[in-house]
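File shown: query_19.pdb. Contents: PDB, C-alpha atoms and all ligand atoms.
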```pdb
MODEL        1
ATOM      1  CA  MET I   8       4.462 169.041 -36.387  1.00  0.00           C
ATOM      2  CA  PRO I   9       5.668 166.574 -33.717  1.00  0.00           C
ATOM      3  CA  PRO I  10       3.319 165.939 -30.813  1.00  0.00           C
ATOM      4  CA  GLU I  11       3.813 168.353 -27.948  1.00  0.00           C
ATOM      5  CA  LYS I  12       5.859 166.798 -25.169  1.00  0.00           C
ATOM      6  CA  ASN I  13       5.083 167.311 -21.502  1.00  0.00           C
ATOM      7  CA  HIS I  14       8.053 168.945 -19.870  1.00  0.00           C
ATOM      8  CA  PRO I  15       8.709 168.043 -16.200  1.00  0.00           C
ATOM      9  CA  ARG I  16       8.340 171.718 -15.339  1.00  0.00           C
ATOM     10  CA  ASP I  17       5.340 172.213 -17.585  1.00  0.00           C
ATOM     11  CA  GLY I  18       2.424 173.759 -15.778  1.00  0.00           C
ATOM     12  CA  GLY I  19      -0.237 171.898 -17.713  1.00  0.00           C
ATOM     13  CA  ARG I  20      -0.541 168.573 -19.452  1.00  0.00           C
ATOM     14  CA  LYS I  21      -2.195 168.202 -22.788  1.00  0.00           C
ATOM     15  CA  ASP I  22      -3.086 164.530 -22.365  1.00  0.00           C
ATOM     16  CA  GLY I  23      -5.697 164.878 -19.648  1.00  0.00           C
ATOM     17  CA  GLY I  24      -3.344 163.609 -16.860  1.00  0.00           C
ATOM     18  CA  VAL I  25      -2.552 165.418 -13.642  1.00  0.00           C
ATOM     19  CA  SER I  26       0.086 168.037 -14.139  1.00  0.00           C
ATOM     20  CA  ARG I  27       2.986 168.475 -11.789  1.00  0.00           C
ATOM     21  CA  ARG I  28       1.708 171.946 -10.869  1.00  0.00           C
ATOM     22  CA  ARG I  29      -1.807 170.618 -10.295  1.00  0.00           C
ATOM     23  CA  PHE I  30      -0.419 167.760  -8.209  1.00  0.00           C
ATOM     24  CA  PHE I  31       1.457 170.107  -5.891  1.00  0.00           C
ATOM     25  CA  GLN I  32      -1.531 172.462  -5.699  1.00  0.00           C
ATOM     26  CA  THR I  33      -3.679 169.521  -4.562  1.00  0.00           C
ATOM     27  CA  VAL I  34      -1.095 168.311  -2.081  1.00  0.00           C
ATOM     28  CA  GLY I  35      -0.755 171.848  -0.758  1.00  0.00           C
ATOM     29  CA  VAL I  36      -4.496 172.155  -0.156  1.00  0.00           C
ATOM     30  CA  THR I  37      -4.576 168.740   1.566  1.00  0.00           C
ATOM     31  CA  ALA I  38      -1.566 169.615   3.695  1.00  0.00           C
ATOM     32  CA  ALA I  39      -3.128 172.939   4.634  1.00  0.00           C
ATOM     33  CA  GLY I  40      -6.290 171.087   5.672  1.00  0.00           C
ATOM     34  CA  THR I  41      -4.307 168.611   7.742  1.00  0.00           C
ATOM     35  CA  ALA I  42      -2.310 171.414   9.357  1.00  0.00           C
ATOM     36  CA  ALA I  43      -5.516 173.236  10.272  1.00  0.00           C
ATOM     37  CA  GLU I  44      -6.936 170.010  11.642  1.00  0.00           C
ATOM     38  CA  LEU I  45      -3.856 169.418  13.778  1.00  0.00           C
ATOM     39  CA  GLN I  46      -3.788 173.029  14.923  1.00  0.00           C
ATOM     40  CA  GLN I  47      -7.410 172.685  15.995  1.00  0.00           C
ATOM     41  CA  ALA I  48      -6.654 169.386  17.719  1.00  0.00           C
ATOM     42  CA  ASN I  49      -3.734 170.870  19.598  1.00  0.00           C
ATOM     43  CA  ALA I  50      -5.969 173.754  20.618  1.00  0.00           C
ATOM     44  CA  ASP I  51      -8.673 171.315  21.670  1.00  0.00           C
ATOM     45  CA  ALA I  52      -6.081 169.567  23.746  1.00  0.00           C
ATOM     46  CA  ALA I  53      -6.556 172.387  26.230  1.00  0.00           C
ATOM     47  CA  VAL I  54      -8.318 169.565  28.037  1.00  0.00           C
ATOM     48  CA  ARG I  55      -4.798 168.302  28.558  1.00  0.00           C
ATOM     49  CA  ASP I  56      -2.256 170.225  26.460  1.00  0.00           C
ATOM     50  CA  ASP I  57       1.008 169.391  28.172  1.00  0.00           C
ATOM     51  CA  GLY I  58       1.522 166.073  26.388  1.00  0.00           C
ATOM     52  CA  PRO I  59       3.595 165.455  23.281  1.00  0.00           C
ATOM     53  CA  LYS I  60       2.714 167.559  20.251  1.00  0.00           C
ATOM     54  CA  ILE I  61       0.396 165.786  17.831  1.00  0.00           C
ATOM     55  CA  LEU I  62       2.166 165.122  14.534  1.00  0.00           C
ATOM     56  CA  GLY I  63       0.025 162.552  12.730  1.00  0.00           C
ATOM     57  CA  PRO I  64      -3.314 162.973  10.940  1.00  0.00           C
ATOM     58  CA  ASN I  65      -6.819 162.483  12.283  1.00  0.00           C
ATOM     59  CA  PRO I  66      -6.225 163.151  15.980  1.00  0.00           C
ATOM     60  CA  VAL I  67      -8.911 161.827  18.262  1.00  0.00           C
ATOM     61  CA  ARG I  68     -10.253 162.850  21.623  1.00  0.00           C
ATOM     62  CA  THR I  69      -9.608 160.095  24.142  1.00  0.00           C
ATOM     63  CA  ARG I  70     -10.970 159.675  27.644  1.00  0.00           C
ATOM     64  CA  LEU I  71      -9.286 157.373  30.142  1.00  0.00           C
ATOM     65  CA  ASN I  72     -10.322 156.453  33.643  1.00  0.00           C
ATOM     66  CA  VAL I  73      -7.049 155.729  35.447  1.00  0.00           C
ATOM     67  CA  ASN I  74      -7.076 154.732  39.099  1.00  0.00           C
ATOM     68  CA  GLY I  75     -10.524 156.306  39.408  1.00  0.00           C
ATOM     69  CA  ARG I  76      -9.390 159.616  37.933  1.00  0.00           C
ATOM     70  CA  PRO I  77     -10.797 160.614  34.525  1.00  0.00           C
ATOM     71  CA  THR I  78      -8.389 162.248  32.073  1.00  0.00           C
ATOM     72  CA  GLU I  79      -9.319 163.559  28.645  1.00  0.00           C
ATOM     73  CA  PHE I  80      -6.897 164.498  25.888  1.00  0.00           C
ATOM     74  CA  VAL I  81      -6.445 164.607  22.131  1.00  0.00           C
ATOM     75  CA  ALA I  82      -3.887 162.267  20.626  1.00  0.00           C
ATOM     76  CA  GLU I  83      -2.935 160.403  17.495  1.00  0.00           C
ATOM     77  CA  PRO I  84      -5.193 157.360  17.014  1.00  0.00           C
ATOM     78  CA  ALA I  85      -2.193 154.995  17.144  1.00  0.00           C
ATOM     79  CA  THR I  86      -1.270 156.149  20.655  1.00  0.00           C
ATOM     80  CA  THR I  87      -0.831 153.092  22.848  1.00  0.00           C
ATOM     81  CA  LEU I  88      -2.321 152.865  26.293  1.00  0.00           C
ATOM     82  CA  LEU I  89       1.207 152.771  27.726  1.00  0.00           C
ATOM     83  CA  GLU I  90       2.139 156.014  25.953  1.00  0.00           C
ATOM     84  CA  ALA I  91      -1.091 157.652  27.062  1.00  0.00           C
ATOM     85  CA  LEU I  92      -0.600 156.618  30.674  1.00  0.00           C
ATOM     86  CA  ARG I  93       2.982 157.845  30.869  1.00  0.00           C
ATOM     87  CA  GLU I  94       2.684 160.963  28.720  1.00  0.00           C
ATOM     88  CA  ARG I  95      -0.874 162.126  29.382  1.00  0.00           C
ATOM     89  CA  CYS I  96      -1.992 160.716  32.714  1.00  0.00           C
ATOM     90  CA  ASP I  97       0.974 161.351  35.046  1.00  0.00           C
ATOM     91  CA  VAL I  98       1.350 157.602  35.608  1.00  0.00           C
ATOM     92  CA  THR I  99       4.873 156.215  35.271  1.00  0.00           C
ATOM     93  CA  GLY I 100       4.601 152.886  37.099  1.00  0.00           C
ATOM     94  CA  PRO I 101       4.060 150.886  33.877  1.00  0.00           C
ATOM     95  CA  LYS I 102       7.408 150.665  32.093  1.00  0.00           C
ATOM     96  CA  GLU I 103       8.260 150.324  28.424  1.00  0.00           C
ATOM     97  CA  VAL I 104      10.803 147.550  28.109  1.00  0.00           C
ATOM     98  CA  CYS I 105      10.245 145.140  25.201  1.00  0.00           C
ATOM     99  CA  ASP I 106       7.366 147.079  23.568  1.00  0.00           C
ATOM    100  CA  ARG I 107       5.959 143.798  22.183  1.00  0.00           C
ATOM    101  CA  ALA I 108       3.922 142.223  24.980  1.00  0.00           C
ATOM    102  CA  ALA I 109       6.715 139.829  25.945  1.00  0.00           C
ATOM    103  CA  CYS I 110       8.096 141.047  29.283  1.00  0.00           C
ATOM    104  CA  GLY I 111       5.191 142.310  31.414  1.00  0.00           C
ATOM    105  CA  GLY I 112       6.954 145.543  32.372  1.00  0.00           C
ATOM    106  CA  CYS I 113       3.972 147.586  31.188  1.00  0.00           C
ATOM    107  CA  THR I 114       1.259 145.472  32.844  1.00  0.00           C
ATOM    108  CA  VAL I 115      -1.877 147.312  33.942  1.00  0.00           C
ATOM    109  CA  LEU I 116      -5.370 146.130  34.754  1.00  0.00           C
ATOM    110  CA  VAL I 117      -8.182 146.925  32.339  1.00  0.00           C
ATOM    111  CA  ASP I 118     -11.570 145.790  33.593  1.00  0.00           C
ATOM    112  CA  GLY I 119      -9.612 143.996  36.327  1.00  0.00           C
ATOM    113  CA  GLU I 120      -7.633 141.886  33.846  1.00  0.00           C
ATOM    114  CA  PRO I 121      -3.863 142.197  33.439  1.00  0.00           C
ATOM    115  CA  ILE I 122      -2.848 143.329  29.966  1.00  0.00           C
ATOM    116  CA  ALA I 123       0.303 144.591  28.260  1.00  0.00           C
ATOM    117  CA  SER I 124      -0.462 148.281  27.830  1.00  0.00           C
ATOM    118  CA  CYS I 125       2.222 148.575  25.137  1.00  0.00           C
ATOM    119  CA  MET I 126       0.031 146.476  22.831  1.00  0.00           C
ATOM    120  CA  MET I 127      -3.323 148.143  23.500  1.00  0.00           C
ATOM    121  CA  LEU I 128      -4.542 151.319  21.843  1.00  0.00           C
ATOM    122  CA  ALA I 129      -5.554 154.032  24.266  1.00  0.00           C
ATOM    123  CA  LEU I 130      -8.761 154.407  22.255  1.00  0.00           C
ATOM    124  CA  ASP I 131      -9.715 150.807  23.039  1.00  0.00           C
ATOM    125  CA  ALA I 132      -9.447 151.547  26.754  1.00  0.00           C
ATOM    126  CA  THR I 133     -11.807 154.512  26.634  1.00  0.00           C
ATOM    127  CA  ASP I 134     -14.191 154.607  29.591  1.00  0.00           C
ATOM    128  CA  ARG I 135     -12.944 151.264  30.946  1.00  0.00           C
ATOM    129  CA  PRO I 136     -11.530 151.134  34.480  1.00  0.00           C
ATOM    130  CA  ILE I 137      -7.729 151.093  34.354  1.00  0.00           C
ATOM    131  CA  THR I 138      -5.617 150.303  37.410  1.00  0.00           C
ATOM    132  CA  THR I 139      -1.875 150.816  37.540  1.00  0.00           C
ATOM    133  CA  VAL I 140       0.499 150.082  40.403  1.00  0.00           C
ATOM    134  CA  GLU I 141      -0.158 153.613  41.657  1.00  0.00           C
ATOM    135  CA  GLY I 142      -3.803 152.668  42.165  1.00  0.00           C
ATOM    136  CA  ILE I 143      -2.977 149.509  44.121  1.00  0.00           C
ATOM    137  CA  GLY I 144      -1.186 151.201  46.998  1.00  0.00           C
ATOM    138  CA  SER I 145       1.034 154.091  47.981  1.00  0.00           C
ATOM    139  CA  VAL I 146       4.032 154.645  50.215  1.00  0.00           C
ATOM    140  CA  GLU I 147       1.698 155.911  52.925  1.00  0.00           C
ATOM    141  CA  ASN I 148      -0.877 153.198  52.405  1.00  0.00           C
ATOM    142  CA  PRO I 149       0.730 150.165  50.746  1.00  0.00           C
ATOM    143  CA  ASP I 150      -1.149 147.086  49.647  1.00  0.00           C
ATOM    144  CA  PRO I 151      -0.199 144.020  51.774  1.00  0.00           C
ATOM    145  CA  LEU I 152       1.400 142.602  48.648  1.00  0.00           C
ATOM    146  CA  GLN I 153       3.691 145.631  48.357  1.00  0.00           C
ATOM    147  CA  THR I 154       4.602 145.323  52.031  1.00  0.00           C
ATOM    148  CA  ALA I 155       5.498 141.661  51.525  1.00  0.00           C
ATOM    149  CA  MET I 156       7.533 142.476  48.408  1.00  0.00           C
ATOM    150  CA  ALA I 157       9.587 144.962  50.425  1.00  0.00           C
ATOM    151  CA  GLU I 158       9.923 142.568  53.346  1.00  0.00           C
ATOM    152  CA  PHE I 159      11.262 139.792  51.112  1.00  0.00           C
ATOM    153  CA  ASP I 160      13.558 142.007  49.029  1.00  0.00           C
ATOM    154  CA  ALA I 161      11.568 140.812  46.047  1.00  0.00           C
ATOM    155  CA  MET I 162      13.388 143.114  43.639  1.00  0.00           C
ATOM    156  CA  GLN I 163      16.820 144.317  42.718  1.00  0.00           C
ATOM    157  CA  CYS I 164      16.676 146.911  39.946  1.00  0.00           C
ATOM    158  CA  GLY I 165      12.912 147.218  40.497  1.00  0.00           C
ATOM    159  CA  PHE I 166      12.066 147.787  36.839  1.00  0.00           C
ATOM    160  CA  CYS I 167       9.760 144.774  36.639  1.00  0.00           C
ATOM    161  CA  THR I 168       8.204 145.390  40.074  1.00  0.00           C
ATOM    162  CA  PRO I 169       5.212 147.558  39.039  1.00  0.00           C
ATOM    163  CA  GLY I 170       4.164 144.938  36.474  1.00  0.00           C
ATOM    164  CA  VAL I 171       4.707 142.081  38.916  1.00  0.00           C
ATOM    165  CA  VAL I 172       2.657 143.777  41.629  1.00  0.00           C
ATOM    166  CA  THR I 173      -0.138 144.592  39.198  1.00  0.00           C
ATOM    167  CA  ALA I 174      -0.319 141.092  37.718  1.00  0.00           C
ATOM    168  CA  THR I 175      -0.194 139.558  41.198  1.00  0.00           C
ATOM    169  CA  ARG I 176      -2.951 141.833  42.488  1.00  0.00           C
ATOM    170  CA  ALA I 177      -5.185 140.509  39.707  1.00  0.00           C
ATOM    171  CA  LEU I 178      -4.268 136.936  40.664  1.00  0.00           C
ATOM    172  CA  LEU I 179      -5.059 137.476  44.370  1.00  0.00           C
ATOM    173  CA  ASP I 180      -8.343 139.194  43.524  1.00  0.00           C
ATOM    174  CA  ARG I 181      -9.593 136.085  41.726  1.00  0.00           C
ATOM    175  CA  ASN I 182      -7.680 133.512  43.799  1.00  0.00           C
ATOM    176  CA  PRO I 183      -6.905 134.739  47.349  1.00  0.00           C
ATOM    177  CA  LYS I 184      -4.756 131.688  48.237  1.00  0.00           C
ATOM    178  CA  PRO I 185      -2.897 130.603  45.128  1.00  0.00           C
ATOM    179  CA  SER I 186      -0.537 127.643  45.202  1.00  0.00           C
ATOM    180  CA  LEU I 187       3.078 128.077  44.145  1.00  0.00           C
ATOM    181  CA  PRO I 188       2.393 126.575  40.681  1.00  0.00           C
ATOM    182  CA  GLU I 189      -0.558 128.955  40.298  1.00  0.00           C
ATOM    183  CA  ILE I 190       1.647 131.908  41.258  1.00  0.00           C
ATOM    184  CA  ARG I 191       4.339 130.807  38.830  1.00  0.00           C
ATOM    185  CA  SER I 192       1.775 130.416  36.079  1.00  0.00           C
ATOM    186  CA  ALA I 193       0.139 133.818  36.730  1.00  0.00           C
ATOM    187  CA  LEU I 194       3.530 135.549  36.633  1.00  0.00           C
ATOM    188  CA  ALA I 195       4.898 133.625  33.666  1.00  0.00           C
ATOM    189  CA  GLY I 196       4.598 136.737  31.496  1.00  0.00           C
ATOM    190  CA  ASN I 197       6.473 138.997  33.924  1.00  0.00           C
ATOM    191  CA  LEU I 198      10.199 138.734  33.384  1.00  0.00           C
ATOM    192  CA  CYS I 199      12.640 139.686  36.142  1.00  0.00           C
ATOM    193  CA  ARG I 200      16.083 140.166  34.677  1.00  0.00           C
ATOM    194  CA  CYS I 201      17.664 140.164  38.138  1.00  0.00           C
ATOM    195  CA  GLY I 202      16.236 136.726  38.891  1.00  0.00           C
ATOM    196  CA  THR I 203      14.492 137.509  42.160  1.00  0.00           C
ATOM    197  CA  TYR I 204      11.743 134.985  41.441  1.00  0.00           C
ATOM    198  CA  PRO I 205      12.111 132.986  44.710  1.00  0.00           C
ATOM    199  CA  ASN I 206      11.646 136.154  46.741  1.00  0.00           C
ATOM    200  CA  ILE I 207       8.727 137.298  44.588  1.00  0.00           C
ATOM    201  CA  PHE I 208       6.974 133.945  44.989  1.00  0.00           C
ATOM    202  CA  ASN I 209       7.557 133.952  48.742  1.00  0.00           C
ATOM    203  CA  ALA I 210       6.209 137.493  49.011  1.00  0.00           C
ATOM    204  CA  VAL I 211       3.050 136.475  47.175  1.00  0.00           C
ATOM    205  CA  LEU I 212       2.615 133.427  49.417  1.00  0.00           C
ATOM    206  CA  VAL I 213       3.006 135.514  52.577  1.00  0.00           C
ATOM    207  CA  ALA I 214       0.726 138.281  51.239  1.00  0.00           C
ATOM    208  CA  SER I 215      -1.929 135.627  50.720  1.00  0.00           C
ATOM    209  CA  GLY I 216      -1.565 134.314  54.282  1.00  0.00           C
ATOM    210  CA  GLN I 217       0.601 131.285  53.464  1.00  0.00           C
ATOM    211  CA  PRO I 218       4.083 130.358  54.659  1.00  0.00           C
ATOM    212  CA  PRO I 219       7.022 130.932  52.331  1.00  0.00           C
ATOM    213  CA  VAL I 220       8.362 127.787  50.707  1.00  0.00           C
ATOM    214  CA  ASP I 221      11.954 128.829  50.124  1.00  0.00           C
ATOM    215  CA  GLU I 222      14.532 130.693  52.101  1.00  0.00           C
ATOM    216  CA  PRO I 223      14.602 134.240  50.755  1.00  0.00           C
ATOM    217  CA  THR I 224      17.590 134.915  48.562  1.00  0.00           C
ATOM    218  CA  ASP I 225      19.444 138.156  48.424  1.00  0.00           C
ATOM    219  CA  ARG I 226      22.284 138.524  45.976  1.00  0.00           C
ATOM    220  CA  GLY I 227      22.431 142.277  46.297  1.00  0.00           C
ATOM    221  CA  ALA I 228      25.197 144.621  47.276  1.00  0.00           C
ATOM    222  CA  ASN I 229      25.466 143.129  50.767  1.00  0.00           C
ATOM    223  CA  GLY I 230      27.018 139.935  49.370  1.00  0.00           C
ATOM    224  CA  GLY I 231      24.089 137.670  49.946  1.00  0.00           C
ATOM    225  CA  GLU I 232      23.406 138.409  53.596  1.00  0.00           C
ATOM    226  CA  ARG I 233      19.991 139.625  54.601  1.00  0.00           C
ATOM    227  CA  ALA I 234      20.191 142.749  56.735  1.00  0.00           C
TER     228      ALA I 234
HETATM  229  S1  LIG J   1       6.946 146.625  27.449  1.00  0.00           S
HETATM  230 FE1  LIG J   1       4.938 145.839  27.216  1.00  0.00          FE
HETATM  231  S2  LIG J   1       5.231 143.693  27.630  1.00  0.00           S
HETATM  232 FE2  LIG J   1       7.271 144.456  27.625  1.00  0.00          FE
ENDMDL
END
```
Take the structure in the file and write it out as structure tokens.
Ligand code: FES
Amino acid sequence: MPPEKNHPRDGGRKDGGVSRRRFFQTVGVTAAGTAAELQQANADAAVRDDGPKILGPNPVRTRLNVNGRPTEFVAEPATTLLEALRERCDVTGPKEVCDRAACGGCTVLVDGEPIASCMMLALDATDRPITTVEGIGSVENPDPLQTAMAEFDAMQCGFCTPGVVTATRALLDRNPKPSLPEIRSALAGNLCRCGTYPNIFNAVLVASGQPPVDEPTDRGANGGERA
């Protein structure tokens, strides 16, 4: 009698291996466990349940202290700080542009140091003070740096501005009167696609109590004339 062959649809193997049916039974149990885990996590997220639905395994409870306001939520462990800030903490100043720590659009301060929040896990920022541009000043109560940025038209599209302001605030906190080379160096990681660098540098000089070094430039819709 020829040896019994395992058929692809056979419910049981005779050679001690894992049968197809057994495999799917195991996967089903695992999936059911993961689903229950996610369901529980989404329920736990009552702490903050208006964020994106959790899809991945092993969700974790995360606690962030953003601009002095604590926020707790449950999220996938791979959630970046940038995603957490924008999707869980009602903070939209930091922008996702390059998503690889190359442009500075997502700059925030963690422990007072500027970092690219797109490259940091939210978990790694747990319980550490985080400052975004919203925590530096407001329309009603702007930081002197923000006032100078507006005065010098130090932006065009404005997409890089939150990162520039945040990185510059960190610079002025450790060096209240930076030289132009020091300003250039501190902002080397903050790219402005509109090219308003001369105005940004002048704004930083004036905000730190120094005279501007260049005539402000304005290549905006008014044809280059300052209003
Ligand atoms: S989006 Fe993070 S550095 Fe560009």
Nearest to Pro151 in chain I among I:Pro121, I:Pro188, I:Gly216, I:Gly170, with distances taken over all atoms listed in the file: which residue is it? I:Gly216
Nearby polymer residues, ligand LIG 1 (chain J), at most 6 Å, all atoms listed in the file, as number ranges by chain: I: 103-113, 123-125
Which residues, written as a CSV table (one decimal) with C-alpha atoms, keeping the file's coordinate frame, have at least one atom at most 10 Å from Asp150 in chain I, with all atoms listed in the file counted and residues fewer than 4 positions away on the same chain left out?
```csv
chain,number,residue,atom,x,y,z
I,140,VAL,CA,0.5,150.1,40.4
I,142,GLY,CA,-3.8,152.7,42.2
I,143,ILE,CA,-3.0,149.5,44.1
I,144,GLY,CA,-1.2,151.2,47.0
I,145,SER,CA,1.0,154.1,48.0
I,146,VAL,CA,4.0,154.6,50.2
I,154,THR,CA,4.6,145.3,52.0
I,155,ALA,CA,5.5,141.7,51.5
I,156,MET,CA,7.5,142.5,48.4
I,172,VAL,CA,2.7,143.8,41.6
I,176,ARG,CA,-3.0,141.8,42.5
I,214,ALA,CA,0.7,138.3,51.2
```
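When the PyMOL selection byres (((chain I and resi 67-82) around 7) and not hetatm) is run on the displayed coordinates, the residues it returns are Ala48, Ala52, Val54, Arg55, Ile61, Asn65, Pro66, Glu83, Pro84, Thr86, Cys96, Leu130, Ala132, Thr133, Asp134, Arg135, Pro136, Ile137, Thr138, Thr139 and Gly142 of chain I.
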So the first atom is CA of Pro185 in chain I and the second is CA of Arg200 in chain I; what is the distance between them in Å, to one decimal place? 23.7 Å
